[in-house]
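**Student:** File final.cif below, mmCIF, C-alpha atoms and all ligand atoms:
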data_work
#
loop_
_atom_site.label_atom_id
_atom_site.label_comp_id
_atom_site.auth_asym_id
_atom_site.auth_seq_id
_atom_site.Cartn_x
_atom_site.Cartn_y
_atom_site.Cartn_z
CA MET R 1 -42.34 5.99 -39.58
CA SER R 2 -44.12 3.11 -41.27
CA ALA R 3 -42.44 0.57 -43.53
CA GLU R 4 -44.22 1.94 -46.59
CA ASN R 5 -42.40 5.19 -46.16
CA LYS R 6 -38.99 3.53 -46.23
CA PRO R 7 -37.10 5.16 -49.10
CA ASN R 8 -35.78 2.77 -51.74
CA TYR R 9 -32.24 1.47 -51.19
CA PHE R 10 -30.88 2.01 -54.70
CA TRP R 11 -32.66 5.29 -55.20
CA SER R 12 -31.23 6.56 -51.90
CA ILE R 13 -27.73 5.62 -53.03
CA LEU R 14 -28.15 7.24 -56.43
CA THR R 15 -29.47 10.43 -54.90
CA PHE R 16 -26.62 10.44 -52.32
CA LYS R 17 -28.81 10.24 -49.26
CA CYS R 18 -27.64 9.40 -45.74
CA PRO R 19 -27.69 5.58 -45.22
CA ARG R 20 -29.29 5.79 -41.81
CA CYS R 21 -32.36 7.92 -42.48
CA ARG R 22 -32.25 8.00 -46.33
CA ARG R 23 -33.47 11.57 -46.15
CA GLY R 24 -30.55 13.87 -45.38
CA ASP R 25 -28.10 14.79 -48.15
CA MET R 26 -24.55 13.47 -47.90
CA PHE R 27 -23.01 16.32 -49.88
CA SER R 28 -23.11 20.03 -49.29
CA ASN R 29 -23.51 20.96 -52.94
CA LYS R 30 -26.00 18.98 -55.01
CA ASN R 31 -23.99 19.38 -58.20
CA PRO R 32 -21.06 16.88 -58.36
CA TRP R 33 -19.46 18.88 -61.19
CA HIS R 34 -18.99 21.89 -58.99
CA LEU R 35 -15.34 20.88 -58.84
CA LYS R 36 -14.30 22.67 -55.66
CA GLU R 37 -16.99 20.89 -53.69
CA ILE R 38 -16.93 17.38 -55.17
CA VAL R 39 -16.37 15.68 -51.82
CA LYS R 40 -17.43 18.47 -49.51
CA MET R 41 -19.74 16.89 -46.96
CA PRO R 42 -21.42 18.10 -43.83
CA GLU R 43 -19.90 16.53 -40.72
CA LYS R 44 -23.23 14.99 -39.81
CA CYS R 45 -26.52 14.25 -41.48
CA ALA R 46 -28.79 17.27 -41.10
CA GLU R 47 -31.79 14.96 -40.69
CA CYS R 48 -30.63 12.26 -38.23
CA GLY R 49 -27.21 13.40 -36.97
CA GLN R 50 -25.33 10.39 -38.35
CA PRO R 51 -21.62 11.33 -38.78
CA PHE R 52 -20.40 10.58 -42.31
CA GLU R 53 -16.65 10.22 -41.80
CA LEU R 54 -16.80 7.41 -39.22
CA GLU R 55 -13.11 7.62 -38.35
CA VAL R 56 -10.06 9.53 -39.49
CA GLY R 57 -9.08 8.22 -42.93
CA PHE R 58 -12.37 6.42 -43.36
CA TRP R 59 -12.63 7.41 -47.00
CA TYR R 60 -9.38 5.72 -48.07
CA GLY R 61 -11.34 2.51 -48.56
CA THR R 62 -13.43 4.16 -51.26
CA GLY R 63 -10.59 3.66 -53.74
CA TYR R 64 -11.64 0.03 -54.18
CA VAL R 65 -15.27 0.96 -54.67
CA SER R 66 -14.23 3.54 -57.22
CA TYR R 67 -12.21 0.92 -59.20
CA ALA R 68 -15.16 -1.46 -59.16
CA LEU R 69 -17.59 1.24 -60.32
CA THR R 70 -15.22 2.41 -63.07
CA PHE R 71 -14.82 -1.18 -64.26
CA ALA R 72 -18.57 -1.81 -64.18
CA MET R 73 -19.24 1.37 -66.15
CA SER R 74 -16.64 0.41 -68.77
CA VAL R 75 -18.31 -2.98 -69.17
CA ALA R 76 -21.66 -1.22 -69.56
CA THR R 77 -20.41 1.20 -72.24
CA PHE R 78 -18.63 -1.70 -74.00
CA VAL R 79 -21.83 -3.74 -74.16
CA ALA R 80 -23.87 -0.68 -75.23
CA TRP R 81 -21.32 0.10 -77.96
CA TRP R 82 -21.27 -3.50 -79.14
CA VAL R 83 -25.06 -3.60 -79.41
CA LEU R 84 -25.61 -0.13 -80.88
CA ILE R 85 -22.51 0.44 -83.02
CA GLY R 86 -20.80 -2.91 -83.20
CA MET R 87 -17.18 -4.04 -83.04
CA SER R 88 -14.99 -5.21 -85.90
CA THR R 89 -11.35 -6.12 -86.35
CA GLU R 90 -11.42 -4.42 -89.76
CA ASP R 91 -11.97 -0.87 -88.61
CA ASN R 92 -11.29 1.44 -85.67
CA ARG R 93 -14.57 1.03 -83.86
CA PHE R 94 -12.92 -0.67 -80.88
CA PHE R 95 -10.47 2.25 -80.51
CA TRP R 96 -13.28 4.76 -80.80
CA TRP R 97 -14.97 2.98 -77.91
CA MET R 98 -11.74 3.09 -75.88
CA GLY R 99 -11.27 6.80 -76.48
CA LEU R 100 -14.86 7.79 -75.86
CA ASN R 101 -15.09 5.54 -72.81
CA ALA R 102 -11.97 7.21 -71.37
CA ILE R 103 -13.51 10.66 -71.92
CA PHE R 104 -16.80 9.46 -70.43
CA LEU R 105 -15.05 8.15 -67.31
CA ILE R 106 -13.11 11.40 -66.87
CA VAL R 107 -16.31 13.45 -67.17
CA MET R 108 -18.08 11.09 -64.75
CA GLN R 109 -15.21 11.06 -62.24
CA PRO R 110 -16.76 13.56 -59.77
CA TRP R 111 -19.98 11.57 -59.79
CA ILE R 112 -18.06 8.28 -59.34
CA MET R 113 -16.11 9.77 -56.42
CA ARG R 114 -19.34 10.69 -54.70
CA LEU R 115 -21.06 7.43 -55.47
CA SER R 116 -18.05 5.51 -54.07
CA ARG R 117 -18.34 7.32 -50.75
CA VAL R 118 -22.05 6.72 -50.58
CA VAL R 119 -21.79 3.00 -51.43
CA TYR R 120 -18.91 2.62 -48.97
CA LEU R 121 -20.79 4.24 -46.10
CA TYR R 122 -23.83 2.05 -46.89
CA PHE R 123 -21.65 -1.01 -46.08
CA PHE R 124 -21.22 0.24 -42.53
CA VAL R 125 -24.41 2.07 -41.69
CA GLY R 126 -27.80 0.47 -42.20
CA TYR R 127 -31.22 1.99 -42.50
CA ASP R 128 -32.89 2.78 -39.21
CA SER R 129 -36.60 3.50 -39.43
CA ASN R 130 -36.55 4.68 -35.84
CA TYR R 131 -33.67 7.10 -36.44
CA LYS R 132 -35.23 9.91 -34.44
CA GLN R 133 -35.08 7.84 -31.22
CA THR R 134 -31.98 5.64 -31.64
CA ASP R 135 -28.29 6.48 -31.49
CA VAL R 136 -26.05 7.07 -34.45
CA LYS R 137 -23.42 4.56 -35.55
CA THR R 138 -19.84 5.53 -35.00
CA PHE R 139 -16.34 4.16 -34.56
CA ASP R 140 -14.77 3.16 -31.25
CA TYR R 141 -11.02 3.81 -31.25
CA GLN R 142 -10.58 1.55 -28.19
CA THR R 143 -12.18 -1.59 -29.58
CA LYS R 144 -11.52 -0.67 -33.23
CA ASP R 145 -15.07 -1.47 -34.02
CA TYR R 146 -18.17 0.27 -35.24
CA TYR R 147 -20.87 0.59 -32.67
CA LYS R 148 -23.95 2.55 -31.79
CA LYS R 149 -22.87 5.37 -29.61
CA ASP R 150 -24.69 5.81 -26.35
CA THR R 151 -25.26 9.52 -26.26
CA GLY R 152 -27.30 9.28 -23.09
CA GLN R 153 -29.97 11.56 -24.49
ZN ZN F 201 -29.44 10.76 -41.84
#
Output the structure of this file as structure tokens.
Ligand SMILES: [Zn+2]
**Tutor:**
Amino acid sequence: MSAENKPNYFWSILTFKCPRCRRGDMFSNKNPWHLKEIVKMPEKCAECGQPFELEVGFWYGTGYVSYALTFAMSVATFVAWWVLIGMSTEDNRFFWWMGLNAIFLIVMQPWIMRLSRVVYLYFFVGYDSNYKQTDVKTFDYQTKDYYKKDTGQ
């Protein structure tokens, strides 16, 4: 696989692709608003075999990512509102923003939950252009560290 074929980092995150090969899907159902399957993931990447849940409870850390994303999105809607509609202390425009932003964040919640998992896993697993030959990254319960498992294959 040549470097030119390396899928874009941000695009891979936004399309919820596996961090290791950037080709396999991280979620079973493509639609995040299919509420029963928001965080339903295959155990491993169908393309490169990378496990997604690196250790038991791995996804607890996504709470922080989710807060950060929610905050960043609120800042973005605030700025967009300020530019497009404006803010004033003499009317209710600020409260309209607060209400609509809250609704927006609730509607976007399934998407944010997924994005948090993807961003979080990207911290731990890097792109591997040679993913067909090399070993997957996983967690060692003995050393409490992430390492490349020697599968002996
Ligand atoms: Zn993969």
**Student:** How many Å separate atom CA of Trp11 of chain R from atom CA of Asp25 of chain R?
**Tutor:**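 According to the coordinates, atom CA of Trp11 of chain R and atom CA of Asp25 of chain R are separated by 12.7 Å.
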**Student:** Please identify all polymer residues lying at most 6 Å from the point (-20.5, 16.7, -60.8) (file coordinates), using only C-alpha atoms, and present the result as a list in words.
**Tutor:**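 Taken together, the residues in range are Asn31, Pro32, Trp33, His34, Pro110 and Trp111 of chain R.
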**Student:** Between R:Thr143, R:Thr62, R:Asn5, R:Ser88, which is the closest to Phe123 of chain R once you count all atoms listed in the file?
**Tutor:**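 The answer is R:Thr62, which sits nearest to Phe123 of chain R.
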**Student:** How close does chain R get to ligand ZN 201 (chain F)? List, as CSV, each residue of chain R within 6 Å, its nearest atom pair and the distance in Å to one decimal, counting all atoms listed in the file.
**Tutor:**
residue,atom,partner,partner_atom,distance
R:Cys18,CA,F:ZN201,ZN,4.5
R:Arg20,CA,F:ZN201,ZN,5.0
R:Cys21,CA,F:ZN201,ZN,4.1
R:Arg22,CA,F:ZN201,ZN,6.0
R:Arg23,CA,F:ZN201,ZN,6.0
R:Gly24,CA,F:ZN201,ZN,4.8
R:Cys45,CA,F:ZN201,ZN,4.6
R:Glu47,CA,F:ZN201,ZN,4.9
R:Cys48,CA,F:ZN201,ZN,4.1
R:Gly49,CA,F:ZN201,ZN,6.0
R:Gln50,CA,F:ZN201,ZN,5.4
**Student:** Select, from R:Val125, R:Ala72, R:Val118, R:Ala80, the residue with the minimum atom-to-atom distance to Met41 of chain R, counting all atoms listed in the file.
**Tutor:**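 The closest residue to Met41 of chain R is R:Val118.
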**Student:** Give me the residues within 7 Å of Phe139 of chain R as JSON, numbers by chain, counting all atoms listed in the file and dropping any in the same chain fewer than 5 places off.
**Tutor:** {"R": [54, 55, 144, 145, 146, 147]}
**Student:** With 9 Å as the threshold, what does the neighbourhood of (-18.9, 10.3, -45.6) contain in terms of residues, counting only C-alpha atoms? Coordinates are those of the file; answer as an mmCIF file with C-alpha atoms, in the coordinates of the input.
**Tutor:**
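File produced: selection-v1.cif:
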data_model
loop_
_atom_site.group_PDB
_atom_site.id
_atom_site.type_symbol
_atom_site.label_atom_id
_atom_site.label_comp_id
_atom_site.auth_asym_id
_atom_site.auth_seq_id
_atom_site.Cartn_x
_atom_site.Cartn_y
_atom_site.Cartn_z
ATOM 1 C CA CYS R 18 -27.640 9.400 -45.740
ATOM 2 C CA MET R 26 -24.550 13.470 -47.900
ATOM 3 C CA PHE R 27 -23.010 16.320 -49.880
ATOM 4 C CA VAL R 39 -16.370 15.680 -51.820
ATOM 5 C CA MET R 41 -19.740 16.890 -46.960
ATOM 6 C CA PRO R 42 -21.420 18.100 -43.830
ATOM 7 C CA GLU R 43 -19.900 16.530 -40.720
ATOM 8 C CA LYS R 44 -23.230 14.990 -39.810
ATOM 9 C CA PRO R 51 -21.620 11.330 -38.780
ATOM 10 C CA PHE R 52 -20.400 10.580 -42.310
ATOM 11 C CA GLU R 53 -16.650 10.220 -41.800
ATOM 12 C CA LEU R 54 -16.800 7.410 -39.220
ATOM 13 C CA PHE R 58 -12.370 6.420 -43.360
ATOM 14 C CA TRP R 59 -12.630 7.410 -47.000
ATOM 15 C CA ARG R 117 -18.340 7.320 -50.750
ATOM 16 C CA VAL R 118 -22.050 6.720 -50.580
ATOM 17 C CA TYR R 120 -18.910 2.620 -48.970
ATOM 18 C CA LEU R 121 -20.790 4.240 -46.100
#
**Student:** Arg93 of chain R: which residues within 12 Å, counting only C-alpha atoms, same-chain residues fewer than 5 positions away excluded, as a ChimeraX atom specification?
**Tutor:** /R:78,81-82,84-88,98-101
**Student:** Just to confirm, what's the straight-line distance from atom CA of Leu14 of chain R to atom CA of Leu115 of chain R in Å (one decimal)?
**Tutor:**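 For atom CA of Leu14 of chain R relative to atom CA of Leu115 of chain R, the distance reads 7.2 Å.
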**Student:** Pick out the closest residue to Ala76 of chain R from this set: R:Gly57, R:Trp97, R:Lys30, R:Asp91. Count all atoms listed in the file.
**Tutor:**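 Closest residue, counting all atoms listed in the file: R:Trp97.
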**Student:** Ranking R:Val136, R:Ile38, R:Val56, R:Met73 by minimum distance to Met113 of chain R and counting all atoms listed in the file, which one comes first?
**Tutor:**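 Of R:Val136, R:Ile38, R:Val56, R:Met73, the one nearest Met113 of chain R is R:Ile38, counting all atoms listed in the file.
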**Student:** How big is the axis-aligned box, and where does its centre sit, when it encloses all atoms of segment 23-37 of chain R listed in the file and has 5 Å added on every side, reported in Å to one decimal as AutoDock Vina command-line options?
**Tutor:**
--center_x -23.9 --center_y 17.1 --center_z -53.3 --size_x 29.2 --size_y 21.1 --size_z 25.8
**Student:** What does the structure give for the distance between atom CA of Thr70 of chain R and atom CA of Ile112 of chain R, in Å to one decimal?
**Tutor:**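 Between these atoms lies a distance of 7.5 Å.
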**Student:** Determine the nearest neighbour of Lys132 of chain R from the options R:Ile13, R:Ala102, R:Ala46, R:Val107, counting all atoms listed in the file.
**Tutor:**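 Distance minimum relative to Lys132 of chain R lands on R:Ala46.
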**Student:** Using the partial input, fill out segment 25-41 of chain R with N, CA and C atoms; write the result as a PDB file, in the coordinates of the input.
**Tutor:**
ATOM      1  N   ASP R  25     -29.080  14.822 -47.052  1.00  0.00           N
ATOM      2  CA  ASP R  25     -28.100  14.790 -48.150  1.00  0.00           C
ATOM      3  C   ASP R  25     -26.705  14.553 -47.611  1.00  0.00           C
ATOM      4  N   MET R  26     -25.919  13.739 -48.336  1.00  0.00           N
ATOM      5  CA  MET R  26     -24.550  13.470 -47.900  1.00  0.00           C
ATOM      6  C   MET R  26     -23.544  14.506 -48.400  1.00  0.00           C
ATOM      7  N   PHE R  27     -23.956  15.323 -49.363  1.00  0.00           N
ATOM      8  CA  PHE R  27     -23.010  16.320 -49.880  1.00  0.00           C
ATOM      9  C   PHE R  27     -23.586  17.717 -49.777  1.00  0.00           C
ATOM     10  N   SER R  28     -22.683  18.656 -49.516  1.00  0.00           N
ATOM     11  CA  SER R  28     -23.110  20.030 -49.290  1.00  0.00           C
ATOM     12  C   SER R  28     -23.696  20.664 -50.539  1.00  0.00           C
ATOM     13  N   ASN R  29     -23.057  20.390 -51.672  1.00  0.00           N
ATOM     14  CA  ASN R  29     -23.510  20.960 -52.940  1.00  0.00           C
ATOM     15  C   ASN R  29     -24.123  19.853 -53.778  1.00  0.00           C
ATOM     16  N   LYS R  30     -25.318  20.053 -54.270  1.00  0.00           N
ATOM     17  CA  LYS R  30     -26.000  18.980 -55.010  1.00  0.00           C
ATOM     18  C   LYS R  30     -25.335  18.646 -56.334  1.00  0.00           C
ATOM     19  N   ASN R  31     -24.589  19.588 -56.880  1.00  0.00           N
ATOM     20  CA  ASN R  31     -23.990  19.380 -58.200  1.00  0.00           C
ATOM     21  C   ASN R  31     -22.585  18.777 -58.079  1.00  0.00           C
ATOM     22  N   PRO R  32     -22.381  17.494 -58.488  1.00  0.00           N
ATOM     23  CA  PRO R  32     -21.060  16.880 -58.360  1.00  0.00           C
ATOM     24  C   PRO R  32     -20.001  17.538 -59.238  1.00  0.00           C
ATOM     25  N   TRP R  33     -20.428  18.276 -60.266  1.00  0.00           N
ATOM     26  CA  TRP R  33     -19.460  18.880 -61.190  1.00  0.00           C
ATOM     27  C   TRP R  33     -19.060  20.287 -60.776  1.00  0.00           C
ATOM     28  N   HIS R  34     -19.497  20.660 -59.591  1.00  0.00           N
ATOM     29  CA  HIS R  34     -18.990  21.890 -58.990  1.00  0.00           C
ATOM     30  C   HIS R  34     -17.663  21.487 -58.344  1.00  0.00           C
ATOM     31  N   LEU R  35     -16.575  21.614 -59.135  1.00  0.00           N
ATOM     32  CA  LEU R  35     -15.340  20.880 -58.840  1.00  0.00           C
ATOM     33  C   LEU R  35     -14.703  21.179 -57.492  1.00  0.00           C
ATOM     34  N   LYS R  36     -14.919  22.361 -56.953  1.00  0.00           N
ATOM     35  CA  LYS R  36     -14.300  22.670 -55.660  1.00  0.00           C
ATOM     36  C   LYS R  36     -15.011  21.948 -54.517  1.00  0.00           C
ATOM     37  N   GLU R  37     -16.200  21.487 -54.768  1.00  0.00           N
ATOM     38  CA  GLU R  37     -16.990  20.890 -53.690  1.00  0.00           C
ATOM     39  C   GLU R  37     -17.398  19.452 -53.974  1.00  0.00           C
ATOM     40  N   ILE R  38     -16.579  18.755 -54.791  1.00  0.00           N
ATOM     41  CA  ILE R  38     -16.930  17.380 -55.170  1.00  0.00           C
ATOM     42  C   ILE R  38     -17.184  16.527 -53.930  1.00  0.00           C
ATOM     43  N   VAL R  39     -16.236  16.559 -52.991  1.00  0.00           N
ATOM     44  CA  VAL R  39     -16.370  15.680 -51.820  1.00  0.00           C
ATOM     45  C   VAL R  39     -16.607  16.489 -50.538  1.00  0.00           C
ATOM     46  N   LYS R  40     -17.122  17.683 -50.711  1.00  0.00           N
ATOM     47  CA  LYS R  40     -17.430  18.470 -49.510  1.00  0.00           C
ATOM     48  C   LYS R  40     -18.722  17.941 -48.891  1.00  0.00           C
ATOM     49  N   MET R  41     -18.599  17.487 -47.642  1.00  0.00           N
ATOM     50  CA  MET R  41     -19.740  16.890 -46.960  1.00  0.00           C
ATOM     51  C   MET R  41     -19.956  17.590 -45.631  1.00  0.00           C
TER      52      MET R  41
END
